[in-house]
There are 2 protein chains.
Amino acid sequence: MKSKVINFKDKFSQFTEHWSPRVIAEMNDYQFKLVKVAGEFVWHDHPETDEVFIVIEGVLNIEFRDGPVTLEPGEMFVIPKGVEHKPVANAECKIMIVEPKGVVNTGDANSDLTAQNDLWI
Amino acid sequence: MKSKVINFKDKFSQFTEHWSPRVIAEMNDYQFKLVKVAGEFVWHDHPETDEVFIVIEGVLNIEFRDGPVTLEPGEMFVIPKGVEHKPVANAECKIMIVEPKGVVNTGDANSDLTAQNDLWI
């Protein structure tokens with residue numbers, strides 16, 4: 001079982017791309033994904049599921065149509081399904097996302113930022 | 001939305017009991033629970049679901065029938081469904097558990113450590 005311990009710092013050292021989620025674990029049909037983010041993402045929503053953001057390092061802003069929230073390390077946020085949001089990070093920020101397997105990062109939005117899905121590290 | 005930011009440190013300050021999970025968030029039919037643990041838990045398994053442990057503060061040992069693993073802050077572990085395990089913490093340790101709503105902390109084991117379910121903070 002020892003080889004199955006997942007260390008966030010170790011996993012983050014294995015990639016550099018921004019806005020490209022890497023799957024680190026699966027629990028039933030849900031996935032835990034690490035993402036390095038910087039700059040502005042696109043407005044989108046996930047009509048079929050809630051989505052959890054947990055900040056590991058740095059500061060993440062999430063804009064909503066009724067105003068932004070700011071998340072620091074040790075903070076999390078549940079984005080309800082169907083609610084439009086736009087992540088923004090003024091400097092590189094390391095986050096973990098928890099959501100069902102198969103969720104596309106840009107949701108219903110067509111974007112150059114749409115990432116390959118199910119990319120494991 | 002600002003009031004919905006969940007701060008782990010703030011939430012941990014709201015209870016003292018050991019082995020008594022407190023729900024801090026729900027994502028679809030899954031829950032995020034904070035737990036303060038110390039000493040030995042009971043051997044048990046969850047026949048119906050995987051279970052995720054994430055260590056926030058302190059050191060958590062999880063014993064399995066084929067040997068133990070040690071988790072430090074910033075590390076997580078997926079306990080596969082049906083696999084017997086026994087959490088042990090030599091000193092108080094703060095963890096987050098992610099699992100479907102309704103999972104009982106002691107699983108299939110009858111124990112004095114069986115905690116009230118769905119206790120929100």
# chains A, B, ... in the order shown; residues from 1 in each chain; ligands from 1

call {"tool": "residues_around", "arguments": {"residues": "Ala89 of chain B", "least_positions_apart": "6", "cutoff": "8 Å", "atoms": "only C-alpha atoms", "output": "PyMOL selection string"}}
result
chain B and resi 37-40+59-61

call {"tool": "closest_atom_pairs", "arguments": {"of": "chain A", "to": "chain B", "cutoff": "6 Å", "atoms": "only C-alpha atoms", "output": "Markdown table"}}
result
| residue | atom | partner | partner_atom | distance |
| --- | --- | --- | --- | --- |
| A:Lys2 | CA | B:Val69 | CA | 5.4 |
| A:Val5 | CA | B:Phe77 | CA | 5.4 |
| A:Ile6 | CA | B:Met76 | CA | 5.2 |
| A:Asn7 | CA | B:Glu75 | CA | 4.5 |
| A:Phe8 | CA | B:Gly74 | CA | 5.7 |
| A:Met27 | CA | B:Asp50 | CA | 5.5 |
| A:Asn28 | CA | B:Asp50 | CA | 5.9 |
| A:Asp50 | CA | B:Met27 | CA | 5.5 |
| A:Val69 | CA | B:Lys2 | CA | 5.4 |
| A:Gly74 | CA | B:Phe8 | CA | 5.7 |
| A:Glu75 | CA | B:Asn7 | CA | 4.4 |
| A:Met76 | CA | B:Ile6 | CA | 5.1 |
| A:Phe77 | CA | B:Val5 | CA | 5.4 |

call {"tool": "closest_residue", "arguments": {"among": "A:Val23, A:Ile95, A:Val103, A:Leu119", "to": "Asp45 of chain A", "atoms": "only C-alpha atoms"}}
result
A:Val103

call {"tool": "closest_residue", "arguments": {"among": "A:Ala91, A:His44, A:Ile121, A:Lys36", "to": "Gln14 of chain A", "atoms": "only C-alpha atoms"}}
result
A:Ile121

call {"tool": "atom_distance", "arguments": {"atom1": "atom CA of Asp112 of chain A", "atom2": "atom CA of Gly82 of chain A"}}
result
21.1 Å

call {"tool": "select_by_dssp", "arguments": {"residues": "segment 19-121 of chain B", "states": "strand (DSSP E)", "output": "CSV table (one decimal) with all heavy atoms, in the first residue's frame"}}
result
chain,number,residue,atom,x,y,z
B,22,ARG,N,-17.1,16.0,11.2
B,22,ARG,CA,-18.0,17.1,11.0
B,22,ARG,C,-18.0,17.5,9.5
B,22,ARG,O,-17.0,17.7,8.9
B,22,ARG,CB,-17.4,18.4,11.7
B,22,ARG,CG,-17.2,18.1,13.2
B,22,ARG,CD,-18.4,17.7,13.9
B,22,ARG,NE,-18.1,17.0,15.2
B,22,ARG,CZ,-18.4,17.5,16.4
B,22,ARG,NH1,-18.9,18.7,16.5
B,22,ARG,NH2,-18.1,16.8,17.5
B,23,VAL,N,-19.2,17.5,9.0
B,23,VAL,CA,-19.4,17.8,7.6
B,23,VAL,C,-19.2,19.3,7.3
B,23,VAL,O,-19.8,20.1,8.0
B,23,VAL,CB,-20.8,17.4,7.1
B,23,VAL,CG1,-20.9,17.6,5.6
B,23,VAL,CG2,-21.1,15.9,7.4
B,24,ILE,N,-18.3,19.6,6.3
B,24,ILE,CA,-18.1,21.1,6.0
B,24,ILE,C,-18.6,21.4,4.6
B,24,ILE,O,-18.8,22.6,4.3
B,24,ILE,CB,-16.6,21.5,6.1
B,24,ILE,CG1,-15.8,20.6,5.2
B,24,ILE,CG2,-16.2,21.4,7.6
B,24,ILE,CD1,-14.4,21.2,5.0
B,25,ALA,N,-18.9,20.4,3.8
B,25,ALA,CA,-19.4,20.7,2.4
B,25,ALA,C,-20.0,19.5,1.8
B,25,ALA,O,-19.6,18.3,2.1
B,25,ALA,CB,-18.2,21.2,1.6
B,26,GLU,N,-20.9,19.7,0.8
B,26,GLU,CA,-21.5,18.7,0.1
B,26,GLU,C,-21.3,19.0,-1.4
B,26,GLU,O,-21.5,20.1,-1.8
B,26,GLU,CB,-23.0,18.6,0.4
B,26,GLU,CG,-23.5,17.2,0.5
B,26,GLU,CD,-24.8,17.1,1.2
B,26,GLU,OE1,-25.8,17.6,0.7
B,26,GLU,OE2,-24.9,16.6,2.4
B,27,MET,N,-20.9,18.0,-2.2
B,27,MET,CA,-20.7,18.1,-3.6
B,27,MET,C,-21.5,17.0,-4.3
B,27,MET,O,-21.2,15.8,-4.1
B,27,MET,CB,-19.2,18.0,-4.0
B,27,MET,CG,-18.9,17.8,-5.5
B,27,MET,SD,-17.2,17.2,-5.8
B,27,MET,CE,-17.3,15.6,-4.9
B,30,TYR,N,-21.8,13.6,-2.4
B,30,TYR,CA,-20.6,13.3,-1.6
B,30,TYR,C,-20.4,14.4,-0.5
B,30,TYR,O,-20.8,15.5,-0.7
B,30,TYR,CB,-19.4,13.3,-2.5
B,30,TYR,CG,-19.2,12.0,-3.2
B,30,TYR,CD1,-20.1,11.6,-4.2
B,30,TYR,CD2,-18.2,11.1,-2.9
B,30,TYR,CE1,-20.0,10.4,-4.8
B,30,TYR,CE2,-18.1,9.9,-3.5
B,30,TYR,CZ,-19.0,9.5,-4.5
B,30,TYR,OH,-18.9,8.3,-5.1
B,31,GLN,N,-19.7,14.0,0.5
B,31,GLN,CA,-19.5,15.0,1.6
B,31,GLN,C,-18.0,15.1,1.9
B,31,GLN,O,-17.2,14.1,1.8
B,31,GLN,CB,-20.2,14.6,2.9
B,31,GLN,CG,-21.7,14.7,2.8
B,31,GLN,CD,-22.4,14.5,4.1
B,31,GLN,OE1,-22.0,13.6,4.9
B,31,GLN,NE2,-23.6,15.1,4.3
B,32,PHE,N,-17.6,16.3,2.3
B,32,PHE,CA,-16.3,16.6,2.8
B,32,PHE,C,-16.4,16.8,4.3
B,32,PHE,O,-17.2,17.6,4.8
B,32,PHE,CB,-15.7,17.9,2.2
B,32,PHE,CG,-15.4,17.7,0.7
B,32,PHE,CD1,-16.4,17.6,-0.2
B,32,PHE,CD2,-14.1,17.7,0.3
B,32,PHE,CE1,-16.2,17.5,-1.6
B,32,PHE,CE2,-13.8,17.5,-1.1
B,32,PHE,CZ,-14.8,17.4,-2.0
B,33,LYS,N,-15.6,16.0,5.1
B,33,LYS,CA,-15.7,15.9,6.5
B,33,LYS,C,-14.4,16.2,7.1
B,33,LYS,O,-13.4,15.6,6.7
B,33,LYS,CB,-16.2,14.6,7.0
B,33,LYS,CG,-17.5,14.1,6.4
B,33,LYS,CD,-17.8,12.6,6.8
B,33,LYS,CE,-19.1,12.1,6.1
B,33,LYS,NZ,-19.3,10.7,6.5
B,34,LEU,N,-14.3,17.0,8.2
B,34,LEU,CA,-13.1,17.2,8.9
B,34,LEU,C,-13.2,16.3,10.2
B,34,LEU,O,-14.2,16.2,10.8
B,34,LEU,CB,-12.9,18.7,9.4
B,34,LEU,CG,-12.8,19.7,8.2
B,34,LEU,CD1,-12.5,21.1,8.8
B,34,LEU,CD2,-11.7,19.3,7.2
B,35,VAL,N,-12.0,15.7,10.6
B,35,VAL,CA,-12.0,14.9,11.7
B,35,VAL,C,-10.7,15.2,12.5
B,35,VAL,O,-9.6,15.3,11.9
B,35,VAL,CB,-12.0,13.4,11.4
B,35,VAL,CG1,-12.4,12.6,12.6
B,35,VAL,CG2,-12.9,13.1,10.2
B,36,LYS,N,-10.8,15.3,13.8
B,36,LYS,CA,-9.6,15.3,14.7
B,36,LYS,C,-9.4,13.9,15.2
B,36,LYS,O,-10.4,13.3,15.8
B,36,LYS,CB,-9.8,16.3,15.8
B,36,LYS,CG,-9.8,17.7,15.4
B,36,LYS,CD,-9.9,18.7,16.5
B,36,LYS,CE,-9.8,20.1,16.0
B,36,LYS,NZ,-9.9,21.1,17.1
B,37,VAL,N,-8.3,13.3,15.0
B,37,VAL,CA,-8.1,11.9,15.4
B,37,VAL,C,-6.9,11.9,16.4
B,37,VAL,O,-6.0,12.7,16.3
B,37,VAL,CB,-7.9,11.0,14.3
B,37,VAL,CG1,-9.0,11.1,13.3
B,37,VAL,CG2,-6.6,11.3,13.5
B,38,ALA,N,-6.9,10.9,17.3
B,38,ALA,CA,-5.8,10.7,18.2
B,38,ALA,C,-6.0,9.3,18.8
B,38,ALA,O,-7.1,8.9,19.2
B,38,ALA,CB,-5.8,11.7,19.4
B,39,GLY,N,-4.9,8.5,18.9
B,39,GLY,CA,-5.0,7.2,19.4
B,39,GLY,C,-5.4,6.2,18.3
B,39,GLY,O,-5.2,6.5,17.1
B,40,GLU,N,-5.9,5.1,18.7
B,40,GLU,CA,-6.3,4.0,17.8
B,40,GLU,C,-7.7,4.0,17.5
B,40,GLU,O,-8.6,4.0,18.4
B,40,GLU,CB,-5.9,2.6,18.4
B,40,GLU,CG,-4.4,2.5,18.7
B,40,GLU,CD,-4.0,1.1,18.8
B,40,GLU,OE1,-4.8,0.2,18.7
B,40,GLU,OE2,-2.8,0.8,19.1
B,51,GLU,N,-12.9,5.5,0.0
B,51,GLU,CA,-12.9,6.6,1.0
B,51,GLU,C,-11.6,7.3,0.8
B,51,GLU,O,-10.5,6.6,0.7
B,51,GLU,CB,-13.0,5.9,2.3
B,51,GLU,CG,-13.0,6.9,3.5
B,51,GLU,CD,-13.3,6.2,4.8
B,51,GLU,OE1,-12.6,5.2,5.1
B,51,GLU,OE2,-14.1,6.6,5.6
B,52,VAL,N,-11.6,8.6,0.8
B,52,VAL,CA,-10.3,9.4,0.7
B,52,VAL,C,-10.0,10.0,2.0
B,52,VAL,O,-10.8,10.7,2.7
B,52,VAL,CB,-10.5,10.5,-0.4
B,52,VAL,CG1,-9.4,11.5,-0.3
B,52,VAL,CG2,-10.4,9.8,-1.8
B,53,PHE,N,-8.7,9.9,2.4
B,53,PHE,CA,-8.1,10.6,3.5
B,53,PHE,C,-7.1,11.6,3.0
B,53,PHE,O,-6.2,11.3,2.3
B,53,PHE,CB,-7.4,9.6,4.5
B,53,PHE,CG,-8.3,8.8,5.3
B,53,PHE,CD1,-9.1,7.8,4.8
B,53,PHE,CD2,-8.3,8.9,6.7
B,53,PHE,CE1,-9.9,7.0,5.6
B,53,PHE,CE2,-9.1,8.1,7.5
B,53,PHE,CZ,-9.9,7.1,6.9
B,54,ILE,N,-7.2,12.8,3.5
B,54,ILE,CA,-6.2,13.9,3.3
B,54,ILE,C,-5.8,14.4,4.6
B,54,ILE,O,-6.6,14.8,5.4
B,54,ILE,CB,-6.9,15.0,2.4
B,54,ILE,CG1,-7.4,14.5,1.1
B,54,ILE,CG2,-5.8,16.1,2.2
B,54,ILE,CD1,-8.2,15.5,0.3
B,55,VAL,N,-4.4,14.4,4.8
B,55,VAL,CA,-3.9,14.9,6.1
B,55,VAL,C,-3.7,16.5,6.0
B,55,VAL,O,-3.0,16.9,5.1
B,55,VAL,CB,-2.6,14.2,6.5
B,55,VAL,CG1,-2.0,14.9,7.7
B,55,VAL,CG2,-2.9,12.8,6.8
B,56,ILE,N,-4.3,17.2,6.9
B,56,ILE,CA,-4.2,18.7,7.0
B,56,ILE,C,-3.0,19.0,7.9
B,56,ILE,O,-2.2,19.9,7.7
B,56,ILE,CB,-5.5,19.3,7.4
B,56,ILE,CG1,-6.7,18.8,6.6
B,56,ILE,CG2,-5.3,20.8,7.4
B,56,ILE,CD1,-6.8,19.4,5.2
B,57,GLU,N,-3.0,18.4,9.1
B,57,GLU,CA,-2.0,18.7,10.1
B,57,GLU,C,-1.7,17.5,10.9
B,57,GLU,O,-2.6,16.7,11.3
B,57,GLU,CB,-2.6,19.8,11.0
B,57,GLU,CG,-1.6,20.5,11.9
B,57,GLU,CD,-2.3,21.6,12.8
B,57,GLU,OE1,-3.0,22.4,12.3
B,57,GLU,OE2,-2.1,21.5,14.0
B,60,LEU,N,-0.7,10.8,10.3
B,60,LEU,CA,-1.7,9.7,10.4
B,60,LEU,C,-1.1,8.4,9.9
B,60,LEU,O,-0.6,8.4,8.7
B,60,LEU,CB,-3.0,10.1,9.5
B,60,LEU,CG,-4.1,9.0,9.5
B,60,LEU,CD1,-4.8,8.9,10.9
B,60,LEU,CD2,-5.1,9.3,8.4
B,61,ASN,N,-1.2,7.4,10.7
B,61,ASN,CA,-0.9,6.0,10.2
B,61,ASN,C,-2.2,5.3,9.9
B,61,ASN,O,-3.2,5.4,10.6
B,61,ASN,CB,-0.2,5.3,11.3
B,61,ASN,CG,1.1,6.0,11.7
B,61,ASN,OD1,2.0,6.1,10.8
B,61,ASN,ND2,1.2,6.4,12.9
B,62,ILE,N,-2.2,4.6,8.7
B,62,ILE,CA,-3.3,3.8,8.4
B,62,ILE,C,-2.8,2.3,8.3
B,62,ILE,O,-2.0,2.1,7.5
B,62,ILE,CB,-4.0,4.2,7.1
B,62,ILE,CG1,-4.4,5.7,7.1
B,62,ILE,CG2,-5.3,3.4,6.9
B,62,ILE,CD1,-5.0,6.1,5.8
B,63,GLU,N,-3.3,1.5,9.2
B,63,GLU,CA,-2.9,0.1,9.2
B,63,GLU,C,-3.8,-0.7,8.2
B,63,GLU,O,-5.0,-0.5,8.2
B,63,GLU,CB,-2.9,-0.5,10.6
B,63,GLU,CG,-1.9,0.2,11.5
B,63,GLU,CD,-1.9,-0.5,12.9
B,63,GLU,OE1,-2.6,-1.5,13.1
B,63,GLU,OE2,-1.3,0.1,13.8
B,64,PHE,N,-3.1,-1.5,7.4
B,64,PHE,CA,-3.8,-2.4,6.6
B,64,PHE,C,-3.4,-3.8,7.0
B,64,PHE,O,-2.4,-4.0,7.6
B,64,PHE,CB,-3.5,-2.2,5.1
B,64,PHE,CG,-4.0,-0.8,4.6
B,64,PHE,CD1,-3.2,0.3,4.6
B,64,PHE,CD2,-5.4,-0.7,4.2
B,64,PHE,CE1,-3.7,1.5,4.2
B,64,PHE,CE2,-5.8,0.5,3.8
B,64,PHE,CZ,-5.0,1.6,3.8
B,67,GLY,N,0.1,-4.4,6.1
B,67,GLY,CA,1.1,-3.4,6.5
B,67,GLY,C,0.6,-2.0,6.6
B,67,GLY,O,-0.4,-1.7,6.0
B,68,PRO,N,1.3,-1.1,7.3
B,68,PRO,CA,0.8,0.3,7.5
B,68,PRO,C,1.3,1.3,6.4
B,68,PRO,O,2.3,1.0,5.8
B,68,PRO,CB,1.4,0.7,8.9
B,68,PRO,CG,2.7,-0.1,8.9
B,68,PRO,CD,2.5,-1.3,8.1
B,69,VAL,N,0.6,2.4,6.3
B,69,VAL,CA,1.2,3.5,5.6
B,69,VAL,C,1.1,4.7,6.5
B,69,VAL,O,0.4,4.8,7.4
B,69,VAL,CB,0.4,3.9,4.3
B,69,VAL,CG1,0.4,2.7,3.3
B,69,VAL,CG2,-1.1,4.3,4.6
B,70,THR,N,2.0,5.7,6.2
B,70,THR,CA,2.1,6.9,7.0
B,70,THR,C,1.8,8.1,6.1
B,70,THR,O,2.4,8.2,5.0
B,70,THR,CB,3.5,7.1,7.6
B,70,THR,OG1,3.7,5.9,8.5
B,70,THR,CG2,3.6,8.3,8.5
B,71,LEU,N,0.9,9.0,6.6
B,71,LEU,CA,0.5,10.1,5.8
B,71,LEU,C,0.9,11.4,6.5
B,71,LEU,O,0.6,11.5,7.7
B,71,LEU,CB,-1.0,10.2,5.5
B,71,LEU,CG,-1.6,9.0,4.7
B,71,LEU,CD1,-3.1,9.3,4.5
B,71,LEU,CD2,-0.9,8.8,3.4
B,75,GLU,N,-0.6,15.1,2.0
B,75,GLU,CA,-0.7,13.8,1.4
B,75,GLU,C,-2.1,13.2,1.5
B,75,GLU,O,-2.8,13.5,2.5
B,75,GLU,CB,0.4,12.8,2.1
B,75,GLU,CG,1.8,13.2,1.7
B,75,GLU,CD,2.9,12.3,2.2
B,75,GLU,OE1,2.6,11.6,3.3
B,75,GLU,OE2,3.9,12.2,1.6
B,76,MET,N,-2.4,12.4,0.6
B,76,MET,CA,-3.7,11.7,0.6
B,76,MET,C,-3.6,10.3,0.2
B,76,MET,O,-2.6,9.8,-0.3
B,76,MET,CB,-4.7,12.5,-0.4
B,76,MET,CG,-4.4,12.4,-1.8
B,76,MET,SD,-5.7,13.2,-2.8
B,76,MET,CE,-6.9,11.8,-3.1
B,77,PHE,N,-4.7,9.6,0.5
B,77,PHE,CA,-4.8,8.1,0.3
B,77,PHE,C,-6.2,7.7,-0.1
B,77,PHE,O,-7.1,8.2,0.6
B,77,PHE,CB,-4.3,7.4,1.5
B,77,PHE,CG,-3.8,6.0,1.2
B,77,PHE,CD1,-2.5,5.7,0.9
B,77,PHE,CD2,-4.8,4.9,1.3
B,77,PHE,CE1,-2.1,4.4,0.7
B,77,PHE,CE2,-4.3,3.6,1.0
B,77,PHE,CZ,-3.0,3.3,0.7
B,78,VAL,N,-6.4,6.9,-1.1
B,78,VAL,CA,-7.7,6.3,-1.4
B,78,VAL,C,-7.8,4.9,-0.8
B,78,VAL,O,-7.0,4.0,-1.2
B,78,VAL,CB,-7.9,6.3,-2.9
B,78,VAL,CG1,-9.3,5.8,-3.2
B,78,VAL,CG2,-7.6,7.6,-3.6
B,79,ILE,N,-8.6,4.7,0.1
B,79,ILE,CA,-8.9,3.4,0.7
B,79,ILE,C,-9.9,2.7,-0.2
B,79,ILE,O,-11.1,3.1,-0.2
B,79,ILE,CB,-9.3,3.5,2.1
B,79,ILE,CG1,-8.2,4.0,2.9
B,79,ILE,CG2,-9.7,2.1,2.6
B,79,ILE,CD1,-8.5,4.5,4.3
B,85,HIS,N,-9.1,-1.5,7.2
B,85,HIS,CA,-8.1,-0.5,7.6
B,85,HIS,C,-8.4,-0.1,9.1
B,85,HIS,O,-9.5,-0.2,9.6
B,85,HIS,CB,-8.1,0.7,6.7
B,85,HIS,CG,-9.4,1.4,6.6
B,85,HIS,ND1,-10.4,0.9,5.8
B,85,HIS,CD2,-9.8,2.6,7.1
B,85,HIS,CE1,-11.4,1.8,5.9
B,85,HIS,NE2,-11.1,2.8,6.6
B,86,LYS,N,-7.3,0.5,9.7
B,86,LYS,CA,-7.4,1.0,11.1
B,86,LYS,C,-6.5,2.2,11.2
B,86,LYS,O,-5.3,2.1,11.2
B,86,LYS,CB,-6.9,-0.1,12.0
B,86,LYS,CG,-6.8,0.3,13.5
B,86,LYS,CD,-6.2,-0.8,14.3
B,86,LYS,CE,-5.8,-0.3,15.6
B,86,LYS,NZ,-5.2,-1.4,16.4
B,87,PRO,N,-7.1,3.4,11.2
B,87,PRO,CA,-6.4,4.6,11.4
B,87,PRO,C,-5.8,4.7,12.9
B,87,PRO,O,-6.5,4.3,13.8
B,87,PRO,CB,-7.4,5.7,11.2
B,87,PRO,CG,-8.5,5.1,10.5
B,87,PRO,CD,-8.6,3.7,11.0
B,88,VAL,N,-4.6,5.2,12.9
B,88,VAL,CA,-3.9,5.3,14.2
B,88,VAL,C,-3.1,6.6,14.2
B,88,VAL,O,-2.3,6.9,13.2
B,88,VAL,CB,-2.9,4.2,14.5
B,88,VAL,CG1,-2.1,4.4,15.8
B,88,VAL,CG2,-3.6,2.8,14.6
B,89,ALA,N,-3.2,7.5,15.2
B,89,ALA,CA,-2.4,8.7,15.3
B,89,ALA,C,-1.8,8.8,16.7
B,89,ALA,O,-2.5,8.7,17.7
B,89,ALA,CB,-3.3,9.9,15.1
B,90,ASN,N,-0.5,8.8,16.7
B,90,ASN,CA,0.3,8.9,17.9
B,90,ASN,C,0.1,10.2,18.7
B,90,ASN,O,0.1,10.2,19.9
B,90,ASN,CB,1.8,8.6,17.7
B,90,ASN,CG,2.0,7.3,17.1
B,90,ASN,OD1,1.3,6.3,17.5
B,90,ASN,ND2,3.0,7.1,16.3
B,91,ALA,N,-0.2,11.3,17.9
B,91,ALA,CA,-0.5,12.6,18.5
B,91,ALA,C,-1.7,13.1,17.7
B,91,ALA,O,-2.0,12.6,16.6
B,91,ALA,CB,0.6,13.5,18.4
B,92,GLU,N,-2.4,14.1,18.2
B,92,GLU,CA,-3.6,14.6,17.5
B,92,GLU,C,-3.3,14.9,16.1
B,92,GLU,O,-2.2,15.6,15.8
B,92,GLU,CB,-4.2,15.8,18.2
B,92,GLU,CG,-5.5,16.2,17.5
B,92,GLU,CD,-6.2,17.4,18.2
B,92,GLU,OE1,-5.8,18.6,17.9
B,92,GLU,OE2,-7.1,17.2,19.0
B,93,CYS,N,-4.1,14.5,15.2
B,93,CYS,CA,-3.9,14.7,13.7
B,93,CYS,C,-5.2,15.2,13.2
B,93,CYS,O,-6.3,14.8,13.6
B,93,CYS,CB,-3.5,13.4,13.1
B,93,CYS,SG,-3.3,13.4,11.3
B,94,LYS,N,-5.1,16.2,12.2
B,94,LYS,CA,-6.3,16.8,11.6
B,94,LYS,C,-6.4,16.3,10.2
B,94,LYS,O,-5.5,16.5,9.4
B,94,LYS,CB,-6.3,18.3,11.7
B,94,LYS,CG,-6.3,18.8,13.1
B,94,LYS,CD,-6.0,20.3,13.2
B,94,LYS,CE,-6.0,20.8,14.7
B,94,LYS,NZ,-5.5,22.2,14.8
B,95,ILE,N,-7.5,15.7,9.9
B,95,ILE,CA,-7.7,15.2,8.5
B,95,ILE,C,-9.0,15.6,7.9
B,95,ILE,O,-9.9,16.0,8.5
B,95,ILE,CB,-7.6,13.6,8.5
B,95,ILE,CG1,-8.8,13.0,9.3
B,95,ILE,CG2,-6.3,13.1,9.1
B,95,ILE,CD1,-8.8,11.5,9.3
B,96,MET,N,-9.0,15.4,6.5
B,96,MET,CA,-10.3,15.6,5.8
B,96,MET,C,-10.6,14.3,5.1
B,96,MET,O,-9.7,13.6,4.6
B,96,MET,CB,-10.2,16.7,4.8
B,96,MET,CG,-11.5,16.9,4.0
B,96,MET,SD,-11.7,18.5,3.2
B,96,MET,CE,-10.4,18.4,2.0
B,97,ILE,N,-11.9,13.9,5.2
B,97,ILE,CA,-12.3,12.7,4.6
B,97,ILE,C,-13.3,13.1,3.5
B,97,ILE,O,-14.1,14.0,3.7
B,97,ILE,CB,-13.0,11.7,5.6
B,97,ILE,CG1,-11.9,11.1,6.5
B,97,ILE,CG2,-13.8,10.6,4.9
B,97,ILE,CD1,-12.5,10.3,7.7
B,98,VAL,N,-13.2,12.4,2.3
B,98,VAL,CA,-14.2,12.6,1.3
B,98,VAL,C,-14.8,11.3,0.9
B,98,VAL,O,-14.1,10.3,0.7
B,98,VAL,CB,-13.5,13.2,0.0
B,98,VAL,CG1,-14.6,13.6,-1.0
B,98,VAL,CG2,-12.6,14.3,0.3
B,99,GLU,N,-16.2,11.2,1.0
B,99,GLU,CA,-16.9,10.0,0.7
B,99,GLU,C,-18.3,10.3,0.5
B,99,GLU,O,-18.8,11.4,0.7
B,99,GLU,CB,-16.7,9.0,1.9
B,99,GLU,CG,-17.3,9.6,3.2
B,99,GLU,CD,-16.8,8.8,4.5
B,99,GLU,OE1,-16.0,7.9,4.4
B,99,GLU,OE2,-17.3,9.2,5.6
B,100,PRO,N,-19.1,9.3,0.0
B,100,PRO,CA,-20.5,9.5,-0.2
B,100,PRO,C,-21.2,9.9,1.1
B,100,PRO,O,-20.9,9.4,2.2
B,100,PRO,CB,-21.0,8.2,-0.8
B,100,PRO,CG,-19.8,7.5,-1.3
B,100,PRO,CD,-18.7,7.9,-0.4

call {"tool": "select_by_dssp", "arguments": {"residues": "chain B", "states": "alpha helix (DSSP H)", "output": "PyMOL selection string"}}
result
chain B and resi 8-12

call {"tool": "write_last_selection", "arguments": {"atoms": "C-alpha atoms", "output": "mmCIF file, in the first residue's frame"}}
result
data_model
loop_
_atom_site.group_PDB
_atom_site.id
_atom_site.type_symbol
_atom_site.label_atom_id
_atom_site.label_comp_id
_atom_site.auth_asym_id
_atom_site.auth_seq_id
_atom_site.Cartn_x
_atom_site.Cartn_y
_atom_site.Cartn_z
ATOM 1 C CA PHE B 8 -10.188 24.492 7.237
ATOM 2 C CA LYS B 9 -8.467 26.212 10.179
ATOM 3 C CA ASP B 10 -11.632 28.098 11.059
ATOM 4 C CA LYS B 11 -13.735 24.939 10.844
ATOM 5 C CA PHE B 12 -11.298 22.898 12.963
#

call {"tool": "decode", "arguments": {"residues": "segment 6-17 of chain A", "atoms": "N, CA and C atoms", "output": "mmCIF file, in the first residue's frame"}}
result
data_model
loop_
_atom_site.group_PDB
_atom_site.id
_atom_site.type_symbol
_atom_site.label_atom_id
_atom_site.label_comp_id
_atom_site.auth_asym_id
_atom_site.auth_seq_id
_atom_site.Cartn_x
_atom_site.Cartn_y
_atom_site.Cartn_z
ATOM 1 N N ILE A 6 -0.206 9.535 -1.941
ATOM 2 C CA ILE A 6 -0.156 10.603 -2.942
ATOM 3 C C ILE A 6 0.294 11.894 -2.267
ATOM 4 N N ASN A 7 1.429 12.411 -2.722
ATOM 5 C CA ASN A 7 2.011 13.623 -2.140
ATOM 6 C C ASN A 7 1.814 14.779 -3.120
ATOM 7 N N PHE A 8 1.073 15.800 -2.674
ATOM 8 C CA PHE A 8 0.714 16.893 -3.591
ATOM 9 C C PHE A 8 1.960 17.582 -4.165
ATOM 10 N N LYS A 9 2.932 17.880 -3.301
ATOM 11 C CA LYS A 9 4.138 18.592 -3.751
ATOM 12 C C LYS A 9 4.877 17.777 -4.816
ATOM 13 N N ASP A 10 4.999 16.495 -4.559
ATOM 14 C CA ASP A 10 5.645 15.612 -5.537
ATOM 15 C C ASP A 10 4.876 15.612 -6.859
ATOM 16 N N LYS A 11 3.577 15.517 -6.780
ATOM 17 C CA LYS A 11 2.759 15.475 -8.003
ATOM 18 C C LYS A 11 2.853 16.797 -8.774
ATOM 19 N N PHE A 12 2.824 17.919 -8.051
ATOM 20 C CA PHE A 12 2.917 19.227 -8.729
ATOM 21 C C PHE A 12 4.259 19.398 -9.440
ATOM 22 N N SER A 13 5.310 18.715 -8.940
ATOM 23 C CA SER A 13 6.638 18.854 -9.558
ATOM 24 C C SER A 13 6.706 18.140 -10.905
ATOM 25 N N GLN A 14 5.673 17.370 -11.239
ATOM 26 C CA GLN A 14 5.725 16.553 -12.445
ATOM 27 C C GLN A 14 5.133 17.206 -13.685
ATOM 28 N N PHE A 15 4.660 18.468 -13.561
ATOM 29 C CA PHE A 15 4.148 19.153 -14.750
ATOM 30 C C PHE A 15 4.242 20.655 -14.548
ATOM 31 N N THR A 16 4.222 21.382 -15.665
ATOM 32 C CA THR A 16 4.365 22.839 -15.585
ATOM 33 C C THR A 16 3.212 23.588 -16.271
ATOM 34 N N GLU A 17 2.483 22.916 -17.135
ATOM 35 C CA GLU A 17 1.442 23.597 -17.920
ATOM 36 C C GLU A 17 0.357 24.215 -17.024
#
